[in-house]
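Participant: I'd like to ask some things about the structure below.
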Amino acid sequence: MIETPSLVDQHCHGVLRTELGLGTFEAQLARTEGPPAPGTTLFDTQTGFAVRRWCPPLLGLEPHCPPARYLARRRELGVLEAGRRLLRGSGITTYLVDTGLPGDLTGPDEIASAGEAEAREIVRLEPLAEQVADTSGTVESFLANLAEAVHGAAATAVAFTSAAGARHGLALAPEPPGPGEVRGAAGRWLAGRRAGGEVDDPVLLRHLLWIAVAAGRPLQLRAGLGEPGPRGDRADPVLLTDFVRATAGLGTDLVLLHGYPYHRQAAHLAGVFPHVYTDSGAALVRTGARAATVLAEILELAPFGKILFSSGARGLPELHVVGAHLFREALGRVLGGWVAEDAWSLADARRVAGLVAAGNARRVYGLG
């Protein structure tokens with residue numbers, strides 16, 4: 001009754017090119033700081049159960065089959081064929097791919113080919129700064145090259161994204177740092193940096209955010225517990241309120257990613273500020289059979305034109321599948337229930353479903 005034939009995955013990553021055994025597959029299921037506790041498995045999570053529900057039929061198996069049987073079939077098909085079947089079975093028609101993670105992950109062109117879809121690149125700010133640092137000899141050249149690199153990336157990338165929340169927390173001072181403050185922070189970081197060292201200085205992180213704001217592309221900001229590392233009290237999107245207010249009216253949209261378990265706070269910010277949008281998808285992968293409850297809570301507060309779907313998937317094509325199927329199922333259950341209660345008309349439910357699934361992302365990112 002509530003169909004979403006086209007999905008724009010507004011934030012995801014590439015998939016691994018290598019064959020995976022049980023342990024390495026499990027490590028990709030959940031973003032933890034170590035292996036599962038002895039005697040337990042990460043398949044015994046909402047995400048693991050969702051993978052076993054939605055992915056086996058795409059590889060010719062029955063739903064809910066045991067993990068060992070599923071992985072044996074995956075190896076039998078080979079990583080390329082299994083990836084093609086999974087991505088093409090997701091129903092995602094456009095992928096916006098964050099290319100800033102390390103590892104042997106496919107890029108936008110490979111995702112597009114494997115999934116018979118379109119794909120565009122999202123540039124992650126911190127790895128870009130680290131690449132610039134590797135080729136800049138002085139503080140002055142680093143800062144000049146950094147500004148040039150960000151503005152150059154804006155010519156081809158569909159958006160920027162930042163890991164400032166994971167590296168420092170979201171409680172950053174909202175105003176742009178002054179030139180002297182930036183030079184001092186850059187000098188200290190470059191002097192103490194080893195090859196490959198990550199940007200974690202709060203002044204440089206703020207500087208990166210403000211360069212991106214000036215470039216004019218949408219800026220995706222991670223909030224909530226999407227990745228291991230940040231303490232929960234540093235990941236609440238409410239901490240971004242002053243930065244959000246400082247960027248109002250500058251022409252750059254902010255998209256709050258992940259959000260969970262602070263998805264209501266993210267939805268509230270999207271409702272209050274015209275240039276703020278919220279993500280609805282990655283939290284659903286984490287909550288599995290409870291996805292409809294989480295999505296309904298986002299729809300309580302955020303205007304329907306401010307909510308965007310994403311899978312947040314990385315590493316496993318299964319996570320793209322799970323993200324898409326859980327989103328569709330949850331959206332159909334929530335909106336269909338409101339139609340059945342005569343709270344919404346069927347026409348309105350279908351229109352809102354189209355906005356959240358694809359229309360809002362196409363507008364925000366200028367996809368046509």
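Chains: A, B, ... in order of the structure tokens. Residues: from 1 per chain. Ligands: from 1, in order shown.
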Give me every alpha helix (DSSP H) residue in range 102-255 of chain A, going by DSSP on the backbone, as an MDAnalysis selection string.
Facilitator: chainID A and resid 108:115 125:134 139:153 164:167 179:192 202:215 241:247
Participant: Can you tell me, as a PDB file with N, CA and C atoms, in the first residue's frame, what residues are no more than 10 Å from Leu256 in chain A when counting only C-alpha atoms, ignoring any on the same chain fewer than 3 positions away?
Facilitator:
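Once written, part.pdb looks like this:
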ATOM      1  N   THR A 161      31.438  15.437   4.798  1.00  0.00           N
ATOM      2  CA  THR A 161      31.063  14.850   6.080  1.00  0.00           C
ATOM      3  C   THR A 161      32.223  15.002   7.041  1.00  0.00           C
ATOM      4  N   LEU A 219      26.689  19.692   4.551  1.00  0.00           N
ATOM      5  CA  LEU A 219      27.677  19.182   5.492  1.00  0.00           C
ATOM      6  C   LEU A 219      26.991  18.175   6.414  1.00  0.00           C
ATOM      7  N   GLN A 220      27.449  16.927   6.364  1.00  0.00           N
ATOM      8  CA  GLN A 220      26.905  15.865   7.199  1.00  0.00           C
ATOM      9  C   GLN A 220      27.699  15.786   8.497  1.00  0.00           C
ATOM     10  N   LEU A 221      26.990  15.755   9.619  1.00  0.00           N
ATOM     11  CA  LEU A 221      27.612  15.716  10.936  1.00  0.00           C
ATOM     12  C   LEU A 221      27.132  14.486  11.693  1.00  0.00           C
ATOM     13  N   ARG A 222      28.070  13.676  12.163  1.00  0.00           N
ATOM     14  CA  ARG A 222      27.705  12.483  12.918  1.00  0.00           C
ATOM     15  C   ARG A 222      27.291  12.853  14.323  1.00  0.00           C
ATOM     16  N   ALA A 223      26.217  12.236  14.770  1.00  0.00           N
ATOM     17  CA  ALA A 223      25.750  12.397  16.136  1.00  0.00           C
ATOM     18  C   ALA A 223      25.309  11.025  16.638  1.00  0.00           C
ATOM     19  N   GLY A 224      25.072  10.917  17.927  1.00  0.00           N
ATOM     20  CA  GLY A 224      24.644   9.638  18.465  1.00  0.00           C
ATOM     21  C   GLY A 224      25.794   8.647  18.537  1.00  0.00           C
ATOM     22  N   PRO A 237      23.247  15.319  19.741  1.00  0.00           N
ATOM     23  CA  PRO A 237      23.213  16.426  18.777  1.00  0.00           C
ATOM     24  C   PRO A 237      22.797  17.757  19.373  1.00  0.00           C
ATOM     25  N   LEU A 240      25.288  20.479  19.363  1.00  0.00           N
ATOM     26  CA  LEU A 240      25.552  21.230  18.134  1.00  0.00           C
ATOM     27  C   LEU A 240      24.685  22.484  18.005  1.00  0.00           C
ATOM     28  N   ASP A 253      23.408  23.639   4.049  1.00  0.00           N
ATOM     29  CA  ASP A 253      22.552  22.752   4.822  1.00  0.00           C
ATOM     30  C   ASP A 253      23.400  21.828   5.693  1.00  0.00           C
ATOM     31  N   GLY A 259      22.318   9.618  14.776  1.00  0.00           N
ATOM     32  CA  GLY A 259      21.450  10.174  15.811  1.00  0.00           C
ATOM     33  C   GLY A 259      21.145   9.253  16.972  1.00  0.00           C
ATOM     34  N   HIS A 263      17.825  10.310  18.534  1.00  0.00           N
ATOM     35  CA  HIS A 263      17.149  10.631  17.278  1.00  0.00           C
ATOM     36  C   HIS A 263      16.054  11.670  17.462  1.00  0.00           C
ATOM     37  N   ALA A 266      17.788  15.049  17.401  1.00  0.00           N
ATOM     38  CA  ALA A 266      18.136  15.407  16.025  1.00  0.00           C
ATOM     39  C   ALA A 266      16.901  15.834  15.248  1.00  0.00           C
ATOM     40  N   ALA A 267      15.794  15.122  15.436  1.00  0.00           N
ATOM     41  CA  ALA A 267      14.552  15.492  14.765  1.00  0.00           C
ATOM     42  C   ALA A 267      14.066  16.860  15.226  1.00  0.00           C
ATOM     43  N   LEU A 269      15.972  19.408  16.232  1.00  0.00           N
ATOM     44  CA  LEU A 269      16.796  20.428  15.574  1.00  0.00           C
ATOM     45  C   LEU A 269      16.365  20.629  14.122  1.00  0.00           C
ATOM     46  N   ALA A 270      16.013  19.531  13.448  1.00  0.00           N
ATOM     47  CA  ALA A 270      15.532  19.655  12.068  1.00  0.00           C
ATOM     48  C   ALA A 270      14.212  20.401  12.006  1.00  0.00           C
ATOM     49  N   VAL A 276      18.614  22.570   8.725  1.00  0.00           N
ATOM     50  CA  VAL A 276      19.003  21.315   9.369  1.00  0.00           C
ATOM     51  C   VAL A 276      18.071  20.192   8.931  1.00  0.00           C
ATOM     52  N   TYR A 277      18.686  19.052   8.601  1.00  0.00           N
ATOM     53  CA  TYR A 277      17.965  17.840   8.193  1.00  0.00           C
ATOM     54  C   TYR A 277      18.421  16.694   9.084  1.00  0.00           C
ATOM     55  N   THR A 278      17.610  15.645   9.156  1.00  0.00           N
ATOM     56  CA  THR A 278      17.966  14.503   9.986  1.00  0.00           C
ATOM     57  C   THR A 278      17.875  13.206   9.210  1.00  0.00           C
ATOM     58  N   ASP A 279      18.702  12.281   9.624  1.00  0.00           N
ATOM     59  CA  ASP A 279      18.834  10.974   8.975  1.00  0.00           C
ATOM     60  C   ASP A 279      17.889   9.980   9.652  1.00  0.00           C
ATOM     61  N   SER A 280      17.260   9.119   8.861  1.00  0.00           N
ATOM     62  CA  SER A 280      16.297   8.176   9.430  1.00  0.00           C
ATOM     63  C   SER A 280      16.710   6.726   9.298  1.00  0.00           C
ATOM     64  N   ILE A 307      13.499  14.847   6.538  1.00  0.00           N
ATOM     65  CA  ILE A 307      13.965  13.514   6.928  1.00  0.00           C
ATOM     66  C   ILE A 307      14.502  12.798   5.692  1.00  0.00           C
ATOM     67  N   LEU A 308      15.680  12.185   5.814  1.00  0.00           N
ATOM     68  CA  LEU A 308      16.307  11.516   4.680  1.00  0.00           C
ATOM     69  C   LEU A 308      16.678  10.081   5.054  1.00  0.00           C
TER      70      LEU A 308
END
Participant: Of the residues A:Leu205, A:Ile92, A:Ala296, A:Ala361, which is the one nearest to Leu335 in chain A, using only C-alpha atoms?
Facilitator: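 Answer, going by the shortest atom-to-atom distance: A:Ala296.
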Participant: Measure the distance from CA of Leu346 in chain A to CA of Gly288 in chain A in Å and round it to one decimal.
Facilitator: 25.6 Å
Participant: What separation in Å, quoted to one decimal, exists between CA of Ser113 in chain A and CA of Tyr95 in chain A?
Facilitator: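 Atom-to-atom, CA of Ser113 in chain A and CA of Tyr95 in chain A are spaced 11.1 Å apart.
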Participant: When you look at range 29-33 of chain A with a cut-off of 12 Å (counting only C-alpha atoms), what residues show up, excluding the ones that are within fewer than 6 positions of it in the same chain? I need them as a PyMOL selection string.
Facilitator: chain A and resi 20+22-23+41-52+225-230+282+285-287+312-320+322
